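Text of the file query_14.tsv, holding TSV, N, CA and C atoms:
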chain	number	residue	atom	x	y	z
A	1	GLN	N	-36.21	-16.20	-69.37
A	1	GLN	CA	-35.69	-17.54	-69.14
A	1	GLN	C	-35.54	-18.27	-70.47
A	2	VAL	N	-34.74	-19.30	-70.43
A	2	VAL	CA	-34.51	-20.13	-71.61
A	2	VAL	C	-34.70	-21.58	-71.20
A	3	GLN	N	-35.23	-22.38	-72.12
A	3	GLN	CA	-35.39	-23.81	-71.84
A	3	GLN	C	-34.11	-24.54	-72.15
A	4	LEU	N	-33.70	-25.40	-71.23
A	4	LEU	CA	-32.46	-26.15	-71.36
A	4	LEU	C	-32.77	-27.64	-71.33
A	5	VAL	N	-32.12	-28.40	-72.20
A	5	VAL	CA	-32.34	-29.84	-72.27
A	5	VAL	C	-31.00	-30.55	-72.18
A	6	GLU	N	-30.86	-31.39	-71.16
A	6	GLU	CA	-29.63	-32.15	-70.97
A	6	GLU	C	-29.72	-33.52	-71.64
A	7	SER	N	-28.57	-34.05	-72.00
A	7	SER	CA	-28.49	-35.41	-72.53
A	7	SER	C	-27.10	-35.94	-72.25
A	8	GLY	N	-26.93	-37.26	-72.46
A	8	GLY	CA	-25.60	-37.85	-72.32
A	8	GLY	C	-25.38	-38.63	-71.03
A	9	GLY	N	-26.37	-38.61	-70.15
A	9	GLY	CA	-26.22	-39.37	-68.92
A	9	GLY	C	-26.28	-40.86	-69.17
A	10	GLY	N	-25.97	-41.64	-68.14
A	10	GLY	CA	-26.01	-43.09	-68.26
A	10	GLY	C	-25.27	-43.74	-67.12
A	11	SER	N	-25.01	-45.02	-67.29
A	11	SER	CA	-24.28	-45.78	-66.30
A	11	SER	C	-22.90	-46.12	-66.83
A	12	VAL	N	-21.88	-45.91	-66.00
A	12	VAL	CA	-20.51	-46.17	-66.42
A	12	VAL	C	-19.74	-46.75	-65.24
A	13	GLN	N	-18.79	-47.62	-65.52
A	13	GLN	CA	-17.98	-48.22	-64.47
A	13	GLN	C	-17.01	-47.20	-63.88
A	14	PRO	N	-16.59	-47.39	-62.64
A	14	PRO	CA	-15.60	-46.48	-62.04
A	14	PRO	C	-14.37	-46.36	-62.92
A	15	GLY	N	-13.91	-45.13	-63.06
A	15	GLY	CA	-12.78	-44.86	-63.93
A	15	GLY	C	-13.17	-44.49	-65.34
A	16	GLY	N	-14.44	-44.66	-65.68
A	16	GLY	CA	-14.91	-44.36	-67.02
A	16	GLY	C	-15.22	-42.89	-67.23
A	17	SER	N	-15.70	-42.58	-68.43
A	17	SER	CA	-15.98	-41.20	-68.81
A	17	SER	C	-17.37	-41.06	-69.41
A	18	LEU	N	-17.92	-39.88	-69.28
A	18	LEU	CA	-19.16	-39.51	-69.94
A	18	LEU	C	-19.06	-38.05	-70.34
A	19	ARG	N	-19.80	-37.67	-71.39
A	19	ARG	CA	-19.89	-36.27	-71.76
A	19	ARG	C	-21.36	-35.88	-71.77
A	20	LEU	N	-21.70	-34.94	-70.92
A	20	LEU	CA	-23.05	-34.41	-70.88
A	20	LEU	C	-23.18	-33.23	-71.84
A	21	SER	N	-24.35	-33.11	-72.44
A	21	SER	CA	-24.63	-31.99	-73.34
A	21	SER	C	-25.85	-31.24	-72.85
A	22	CYS	N	-25.89	-29.96	-73.16
A	22	CYS	CA	-27.04	-29.13	-72.79
A	22	CYS	C	-27.33	-28.21	-73.97
A	23	THR	N	-28.52	-28.35	-74.53
A	23	THR	CA	-28.92	-27.48	-75.63
A	23	THR	C	-30.00	-26.52	-75.15
A	24	ALA	N	-29.98	-25.33	-75.73
A	24	ALA	CA	-30.90	-24.28	-75.31
A	24	ALA	C	-31.96	-24.01	-76.38
A	25	SER	N	-33.12	-23.51	-75.92
A	25	SER	CA	-34.24	-23.26	-76.83
A	25	SER	C	-34.01	-22.03	-77.69
A	26	ARG	N	-33.08	-21.19	-77.29
A	26	ARG	CA	-32.72	-20.03	-78.09
A	26	ARG	C	-31.24	-19.75	-77.88
A	27	TYR	N	-30.69	-18.90	-78.71
A	27	TYR	CA	-29.28	-18.57	-78.59
A	27	TYR	C	-29.03	-17.86	-77.27
A	28	ILE	N	-28.01	-18.32	-76.56
A	28	ILE	CA	-27.64	-17.70	-75.30
A	28	ILE	C	-26.48	-16.76	-75.54
A	29	PRO	N	-26.66	-15.47	-75.26
A	29	PRO	CA	-25.60	-14.50	-75.56
A	29	PRO	C	-24.41	-14.64	-74.64
A	30	ASN	N	-23.31	-14.06	-75.06
A	30	ASN	CA	-22.07	-14.14	-74.28
A	30	ASN	C	-22.14	-13.37	-72.97
A	31	SER	N	-23.19	-12.63	-72.75
A	31	SER	CA	-23.36	-11.92	-71.49
A	31	SER	C	-23.88	-12.84	-70.38
A	32	TYR	N	-24.00	-14.11	-70.70
A	32	TYR	CA	-24.53	-15.08	-69.74
A	32	TYR	C	-23.43	-15.93	-69.12
A	33	ILE	N	-23.81	-16.57	-68.04
A	33	ILE	CA	-23.03	-17.64	-67.40
A	33	ILE	C	-23.84	-18.92	-67.53
A	34	MET	N	-23.15	-20.02	-67.75
A	34	MET	CA	-23.82	-21.32	-67.76
A	34	MET	C	-23.07	-22.27	-66.84
A	35	GLY	N	-23.74	-23.33	-66.43
A	35	GLY	CA	-23.08	-24.24	-65.51
A	35	GLY	C	-23.81	-25.55	-65.36
A	36	TRP	N	-23.28	-26.35	-64.45
A	36	TRP	CA	-23.83	-27.66	-64.13
A	36	TRP	C	-23.93	-27.82	-62.61
A	37	PHE	N	-25.06	-28.36	-62.18
A	37	PHE	CA	-25.27	-28.74	-60.80
A	37	PHE	C	-25.58	-30.23	-60.76
A	38	ARG	N	-25.48	-30.82	-59.59
A	38	ARG	CA	-25.87	-32.21	-59.42
A	38	ARG	C	-26.54	-32.39	-58.07
A	39	GLN	N	-27.41	-33.38	-58.01
A	39	GLN	CA	-28.10	-33.66	-56.76
A	39	GLN	C	-28.44	-35.13	-56.66
A	40	THR	N	-28.23	-35.67	-55.48
A	40	THR	CA	-28.60	-37.04	-55.14
A	40	THR	C	-29.67	-36.96	-54.06
A	41	PRO	N	-30.69	-37.82	-54.13
A	41	PRO	CA	-31.74	-37.79	-53.10
A	41	PRO	C	-31.13	-37.86	-51.69
A	42	GLY	N	-31.56	-36.96	-50.83
A	42	GLY	CA	-31.09	-36.95	-49.45
A	42	GLY	C	-29.83	-36.14	-49.24
A	43	LYS	N	-29.27	-35.60	-50.33
A	43	LYS	CA	-28.06	-34.78	-50.22
A	43	LYS	C	-28.34	-33.38	-50.74
A	44	GLU	N	-27.49	-32.44	-50.31
A	44	GLU	CA	-27.62	-31.06	-50.79
A	44	GLU	C	-27.21	-30.99	-52.26
A	45	ARG	N	-27.86	-30.07	-52.96
A	45	ARG	CA	-27.47	-29.78	-54.34
A	45	ARG	C	-26.05	-29.21	-54.35
A	46	GLU	N	-25.28	-29.61	-55.35
A	46	GLU	CA	-23.88	-29.17	-55.45
A	46	GLU	C	-23.63	-28.50	-56.79
A	47	GLY	N	-23.06	-27.32	-56.74
A	47	GLY	CA	-22.62	-26.66	-57.96
A	47	GLY	C	-21.34	-27.31	-58.44
A	48	VAL	N	-21.33	-27.86	-59.63
A	48	VAL	CA	-20.21	-28.64	-60.14
A	48	VAL	C	-19.23	-27.78	-60.92
A	49	ALA	N	-19.74	-27.01	-61.88
A	49	ALA	CA	-18.87	-26.21	-62.73
A	49	ALA	C	-19.66	-25.09	-63.36
A	50	ALA	N	-18.97	-24.00	-63.69
A	50	ALA	CA	-19.63	-22.88	-64.35
A	50	ALA	C	-18.63	-22.19	-65.27
A	51	ILE	N	-19.17	-21.48	-66.27
A	51	ILE	CA	-18.32	-20.80	-67.24
A	51	ILE	C	-18.93	-19.45	-67.60
A	52	ILE	N	-18.10	-18.42	-67.65
A	52	ILE	CA	-18.52	-17.12	-68.16
A	52	ILE	C	-18.36	-17.19	-69.67
A	53	LEU	N	-19.43	-17.05	-70.41
A	53	LEU	CA	-19.38	-17.31	-71.85
A	53	LEU	C	-18.49	-16.30	-72.58
A	54	SER	N	-18.44	-15.06	-72.12
A	54	SER	CA	-17.66	-14.04	-72.84
A	54	SER	C	-16.17	-14.25	-72.70
A	55	SER	N	-15.72	-14.72	-71.56
A	55	SER	CA	-14.29	-14.85	-71.30
A	55	SER	C	-13.82	-16.29	-71.22
A	56	GLU	N	-14.79	-17.20	-71.12
A	56	GLU	CA	-14.50	-18.63	-70.93
A	56	GLU	C	-13.77	-18.90	-69.62
A	57	ILE	N	-13.88	-18.00	-68.68
A	57	ILE	CA	-13.37	-18.26	-67.33
A	57	ILE	C	-14.26	-19.30	-66.69
A	58	THR	N	-13.64	-20.26	-66.02
A	58	THR	CA	-14.38	-21.37	-65.44
A	58	THR	C	-14.14	-21.48	-63.94
A	59	SER	N	-15.04	-22.19	-63.28
A	59	SER	CA	-14.92	-22.48	-61.87
A	59	SER	C	-15.45	-23.88	-61.64
A	60	TYR	N	-14.77	-24.61	-60.74
A	60	TYR	CA	-15.14	-26.00	-60.48
A	60	TYR	C	-15.25	-26.25	-58.98
A	61	ALA	N	-16.12	-27.18	-58.62
A	61	ALA	CA	-16.14	-27.67	-57.25
A	61	ALA	C	-14.85	-28.44	-56.99
A	62	ASP	N	-14.35	-28.38	-55.78
A	62	ASP	CA	-13.11	-29.10	-55.44
A	62	ASP	C	-13.24	-30.59	-55.73
A	63	SER	N	-14.44	-31.12	-55.58
A	63	SER	CA	-14.64	-32.56	-55.74
A	63	SER	C	-14.45	-33.04	-57.18
A	64	VAL	N	-14.47	-32.12	-58.15
A	64	VAL	CA	-14.36	-32.54	-59.55
A	64	VAL	C	-13.16	-31.93	-60.27
A	65	LYS	N	-12.43	-31.05	-59.60
A	65	LYS	CA	-11.28	-30.40	-60.24
A	65	LYS	C	-10.30	-31.43	-60.76
A	66	GLY	N	-9.84	-31.23	-61.99
A	66	GLY	CA	-8.89	-32.14	-62.60
A	66	GLY	C	-9.55	-33.32	-63.28
A	67	ARG	N	-10.85	-33.52	-63.06
A	67	ARG	CA	-11.55	-34.66	-63.68
A	67	ARG	C	-12.64	-34.19	-64.64
A	68	PHE	N	-13.28	-33.08	-64.35
A	68	PHE	CA	-14.39	-32.57	-65.17
A	68	PHE	C	-13.93	-31.31	-65.91
A	69	THR	N	-14.47	-31.14	-67.11
A	69	THR	CA	-14.18	-29.94	-67.90
A	69	THR	C	-15.47	-29.41	-68.50
A	70	ILE	N	-15.73	-28.12	-68.28
A	70	ILE	CA	-16.91	-27.47	-68.84
A	70	ILE	C	-16.49	-26.65	-70.05
A	71	THR	N	-17.23	-26.82	-71.14
A	71	THR	CA	-16.96	-26.05	-72.36
A	71	THR	C	-18.29	-25.67	-73.02
A	72	ARG	N	-18.21	-24.65	-73.84
A	72	ARG	CA	-19.39	-24.25	-74.59
A	72	ARG	C	-19.00	-23.99	-76.02
A	73	ILE	N	-19.70	-24.61	-76.96
A	73	ILE	CA	-19.47	-24.39	-78.37
A	73	ILE	C	-20.54	-23.40	-78.85
A	74	SER	N	-20.12	-22.18	-79.09
A	74	SER	CA	-21.06	-21.13	-79.44
A	74	SER	C	-21.84	-21.44	-80.70
A	75	ALA	N	-21.14	-21.96	-81.71
A	75	ALA	CA	-21.79	-22.24	-83.00
A	75	ALA	C	-22.87	-23.29	-82.86
A	76	GLU	N	-22.73	-24.16	-81.88
A	76	GLU	CA	-23.72	-25.21	-81.64
A	76	GLU	C	-24.74	-24.80	-80.59
A	77	ASN	N	-24.48	-23.68	-79.92
A	77	ASN	CA	-25.34	-23.24	-78.81
A	77	ASN	C	-25.50	-24.36	-77.79
A	78	THR	N	-24.40	-25.04	-77.53
A	78	THR	CA	-24.44	-26.22	-76.67
A	78	THR	C	-23.36	-26.12	-75.60
A	79	LEU	N	-23.73	-26.51	-74.39
A	79	LEU	CA	-22.80	-26.57	-73.27
A	79	LEU	C	-22.46	-28.04	-73.02
A	80	TYR	N	-21.20	-28.29	-72.71
A	80	TYR	CA	-20.76	-29.66	-72.45
A	80	TYR	C	-20.14	-29.78	-71.06
A	81	LEU	N	-20.21	-30.99	-70.52
A	81	LEU	CA	-19.46	-31.31	-69.31
A	81	LEU	C	-18.78	-32.65	-69.57
A	82	GLN	N	-17.47	-32.60	-69.79
A	82	GLN	CA	-16.69	-33.82	-69.97
A	82	GLN	C	-16.31	-34.33	-68.59
A	83	MET	N	-16.68	-35.56	-68.29
A	83	MET	CA	-16.43	-36.13	-66.97
A	83	MET	C	-15.54	-37.36	-67.13
A	84	ASN	N	-14.35	-37.28	-66.57
A	84	ASN	CA	-13.39	-38.38	-66.65
A	84	ASN	C	-13.15	-38.96	-65.27
A	85	ASN	N	-12.63	-40.19	-65.26
A	85	ASN	CA	-12.32	-40.87	-64.01
A	85	ASN	C	-13.51	-40.81	-63.04
A	86	LEU	N	-14.66	-41.17	-63.54
A	86	LEU	CA	-15.87	-41.11	-62.72
A	86	LEU	C	-15.81	-42.11	-61.57
A	87	GLN	N	-16.36	-41.70	-60.45
A	87	GLN	CA	-16.36	-42.52	-59.24
A	87	GLN	C	-17.78	-42.66	-58.71
A	88	PRO	N	-18.03	-43.63	-57.86
A	88	PRO	CA	-19.39	-43.82	-57.32
A	88	PRO	C	-19.97	-42.56	-56.69
A	89	GLU	N	-19.14	-41.74	-56.09
A	89	GLU	CA	-19.64	-40.52	-55.46
A	89	GLU	C	-20.09	-39.46	-56.47
A	90	ASP	N	-19.83	-39.69	-57.75
A	90	ASP	CA	-20.31	-38.79	-58.80
A	90	ASP	C	-21.73	-39.13	-59.22
A	91	THR	N	-22.25	-40.24	-58.72
A	91	THR	CA	-23.62	-40.62	-59.05
A	91	THR	C	-24.59	-39.55	-58.60
A	92	ALA	N	-25.39	-39.04	-59.53
A	92	ALA	CA	-26.34	-37.96	-59.23
A	92	ALA	C	-27.13	-37.63	-60.48
A	93	LYS	N	-28.13	-36.79	-60.31
A	93	LYS	CA	-28.81	-36.21	-61.46
A	93	LYS	C	-28.13	-34.86	-61.73
A	94	TYR	N	-27.75	-34.65	-62.97
A	94	TYR	CA	-26.99	-33.47	-63.35
A	94	TYR	C	-27.90	-32.50	-64.09
A	95	TYR	N	-27.84	-31.24	-63.68
A	95	TYR	CA	-28.71	-30.20	-64.22
A	95	TYR	C	-27.88	-29.11	-64.89
A	96	CYS	N	-28.32	-28.69	-66.05
A	96	CYS	CA	-27.73	-27.56	-66.76
A	96	CYS	C	-28.43	-26.28	-66.32
A	97	VAL	N	-27.66	-25.20	-66.19
A	97	VAL	CA	-28.24	-23.93	-65.74
A	97	VAL	C	-27.69	-22.78	-66.58
A	98	ALA	N	-28.43	-21.68	-66.58
A	98	ALA	CA	-28.00	-20.48	-67.28
A	98	ALA	C	-28.55	-19.26	-66.57
A	99	GLY	N	-27.79	-18.16	-66.66
A	99	GLY	CA	-28.23	-16.92	-66.06
A	99	GLY	C	-27.38	-15.77	-66.53
A	100	ALA	N	-27.91	-14.57	-66.43
A	100	ALA	CA	-27.18	-13.39	-66.86
A	100	ALA	C	-25.98	-13.16	-65.95
A	101	TYR	N	-24.91	-12.66	-66.55
A	101	TYR	CA	-23.72	-12.31	-65.78
A	101	TYR	C	-24.05	-11.16	-64.84
A	102	LYS	N	-23.53	-11.24	-63.61
A	102	LYS	CA	-23.75	-10.18	-62.62
A	102	LYS	C	-22.41	-9.62	-62.19
A	103	THR	N	-22.19	-8.37	-62.48
A	103	THR	CA	-20.93	-7.74	-62.11
A	103	THR	C	-20.70	-7.80	-60.61
A	104	GLY	N	-19.49	-8.22	-60.24
A	104	GLY	CA	-19.15	-8.25	-58.83
A	104	GLY	C	-19.52	-9.51	-58.10
A	105	LYS	N	-20.16	-10.43	-58.78
A	105	LYS	CA	-20.51	-11.69	-58.12
A	105	LYS	C	-19.72	-12.80	-58.79
A	106	SER	N	-18.93	-13.52	-58.03
A	106	SER	CA	-18.03	-14.52	-58.59
A	106	SER	C	-18.78	-15.77	-59.04
A	107	LEU	N	-18.11	-16.52	-59.92
A	107	LEU	CA	-18.67	-17.81	-60.35
A	107	LEU	C	-18.86	-18.71	-59.14
A	108	TYR	N	-17.89	-18.68	-58.23
A	108	TYR	CA	-17.98	-19.51	-57.03
A	108	TYR	C	-19.24	-19.20	-56.25
A	109	ALA	N	-19.54	-17.91	-56.10
A	109	ALA	CA	-20.74	-17.50	-55.36
A	109	ALA	C	-22.00	-17.98	-56.09
A	110	ARG	N	-21.99	-17.82	-57.43
A	110	ARG	CA	-23.15	-18.25	-58.21
A	110	ARG	C	-23.38	-19.75	-58.03
A	111	LEU	N	-22.29	-20.54	-58.03
A	111	LEU	CA	-22.40	-21.99	-57.85
A	111	LEU	C	-22.85	-22.33	-56.43
A	112	THR	N	-22.31	-21.64	-55.47
A	112	THR	CA	-22.64	-21.92	-54.08
A	112	THR	C	-24.11	-21.61	-53.78
A	113	GLU	N	-24.58	-20.50	-54.36
A	113	GLU	CA	-25.93	-20.04	-54.06
A	113	GLU	C	-26.98	-20.59	-55.02
A	114	GLY	N	-26.54	-21.22	-56.09
A	114	GLY	CA	-27.52	-21.69	-57.08
A	114	GLY	C	-28.21	-20.53	-57.77
A	115	ASP	N	-27.47	-19.44	-57.99
A	115	ASP	CA	-28.05	-18.20	-58.51
A	115	ASP	C	-28.09	-18.22	-60.04
A	116	PHE	N	-29.05	-18.97	-60.57
A	116	PHE	CA	-29.27	-19.07	-62.02
A	116	PHE	C	-30.77	-19.02	-62.28
A	117	ASP	N	-31.14	-18.43	-63.39
A	117	ASP	CA	-32.55	-18.24	-63.71
A	117	ASP	C	-33.19	-19.45	-64.38
A	118	SER	N	-32.40	-20.13	-65.21
A	118	SER	CA	-32.95	-21.23	-66.01
A	118	SER	C	-32.29	-22.54	-65.62
A	119	TRP	N	-33.14	-23.57	-65.47
A	119	TRP	CA	-32.68	-24.90	-65.07
A	119	TRP	C	-33.29	-25.93	-66.00
A	120	GLY	N	-32.46	-26.91	-66.38
A	120	GLY	CA	-32.97	-28.02	-67.16
A	120	GLY	C	-33.65	-29.06	-66.28
A	121	GLN	N	-34.14	-30.13	-66.91
A	121	GLN	CA	-34.84	-31.19	-66.18
A	121	GLN	C	-33.88	-32.23	-65.61
A	122	GLY	N	-32.67	-32.24	-66.08
A	122	GLY	CA	-31.66	-33.13	-65.53
A	122	GLY	C	-31.45	-34.40	-66.31
A	123	THR	N	-30.25	-34.97	-66.16
A	123	THR	CA	-29.92	-36.26	-66.75
A	123	THR	C	-29.18	-37.08	-65.70
A	124	GLN	N	-29.52	-38.35	-65.58
A	124	GLN	CA	-28.98	-39.20	-64.52
A	124	GLN	C	-27.63	-39.79	-64.91
A	125	VAL	N	-26.69	-39.71	-63.98
A	125	VAL	CA	-25.39	-40.34	-64.12
A	125	VAL	C	-25.23	-41.33	-62.97
A	126	THR	N	-24.91	-42.57	-63.31
A	126	THR	CA	-24.77	-43.62	-62.30
A	126	THR	C	-23.42	-44.30	-62.45
A	127	VAL	N	-22.68	-44.34	-61.36
A	127	VAL	CA	-21.39	-45.02	-61.32
A	127	VAL	C	-21.47	-46.04	-60.19
A	128	PRO	N	-21.68	-47.30	-60.50
A	128	PRO	CA	-21.87	-48.30	-59.45
A	128	PRO	C	-20.58	-48.55	-58.68
A	129	SER	N	-20.75	-48.88	-57.41
A	129	SER	CA	-19.57	-49.15	-56.56
A	129	SER	C	-19.20	-50.62	-56.62

Would you put the structure from the file into structure tokens?
Amino acid sequence: QVQLVESGGGSVQPGGSLRLSCTASRYIPNSYIMGWFRQTPGKEREGVAAIILSSEITSYADSVKGRFTITRISAENTLYLQMNNLQPEDTAKYYCVAGAYKTGKSLYARLTEGDFDSWGQGTQVTVPS
């Protein structure tokens, strides 16, 4: 496992933007997948976005497609989530995740099942209505 630390959360008005960052305690090889989840008290955890580090293939939840972008800067060993046009329904605690790539298992499945070995402590994003 690897320790992950998120930052960049905060409060923003509807229509605004935030960029979340996730730094790792050690270098994460390209054989891994990384992603972002979010959860609000009383609601199910939702897989937001994921990226295969070797190919940079990405997958997004329908609720964020076209508004959120996941990227990873290898030289910085940092994962980002650019969030644009934020809405009140995006309010949640956002968690960074990482796990080894598994042949034959899609990013969508990994996001749906929460199939990641390492999880950060989360950063809060609030978009008031």

Checklist entry - For A:Asp90, which residue among A:Asn77, A:Thr69, A:Ser63, A:Ser31 is the nearest when counting only C-alpha atoms? => result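 Closest residue, counting only C-alpha atoms: A:Ser63.
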
Taking every listed atom of stretch 10-21 of chain A and adding 8 Å to each side, what centre and edge lengths in Å (one decimal) does the axis-aligned box have, as lines of an AutoDock Vina configuration file?
center_x = -19.4
center_y = -39.7
center_z = -67.7
size_x = 29.2
size_y = 33.0
size_z = 27.3

Checklist entry - atom N of A:Gln87 to atom C of A:Val127: how many Å, to one decimal? => result 6.7 Å

Item to check | DSSP strand (DSSP E) selection over chain A, as an NGL selection string | outcome: :A and (4-7 or 10-11 or 18-24 or 32-39 or 46-52 or 58-60 or 68-73 or 78-83 or 92-100 or 118-119 or 123-126)

Checklist entry - What gap, in Å, lies between atom CA of A:Leu79 and atom CA of A:Met34? => result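 Interatomic distance, atom CA of A:Leu79 to atom CA of A:Met34: 7.7 Å.
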
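In this model, the gap between atom N of A:Thr112 and atom N of A:Ser74 comes to 23.7 Å.
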
Item to check | Shell of 8 Å around A:Tyr108, only N, CA and C atoms, local chain residues under 6 positions omitted, as a ChimeraX atom specification | outcome: /A:50,58-60,114

Next on the checklist: Just checking: using only C-alpha atoms, which residue out of A:Gln121, A:Ser17, A:Ser54, A:Ser7 ends up closest to A:Asn30?
Outcome noted: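 Checking each of A:Gln121, A:Ser17, A:Ser54, A:Ser7 against A:Asn30, counting only C-alpha atoms, the winner is A:Ser54.
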
Next on the checklist: At a cut-off of 12 Å around the point (-23.3, -19.3, -75.5) (file coordinates), what residues fall inside when counting only C-alpha atoms? I'd like the answer as a ChimeraX atom specification.
Outcome noted: /A:2,22-35,51-56,71-80,97-101

Item to check | Those in chain A with helix (DSSP H, G or I) from DSSP, as a PyMOL selection string | outcome: chain A and resi 74-76+88-90+107-113
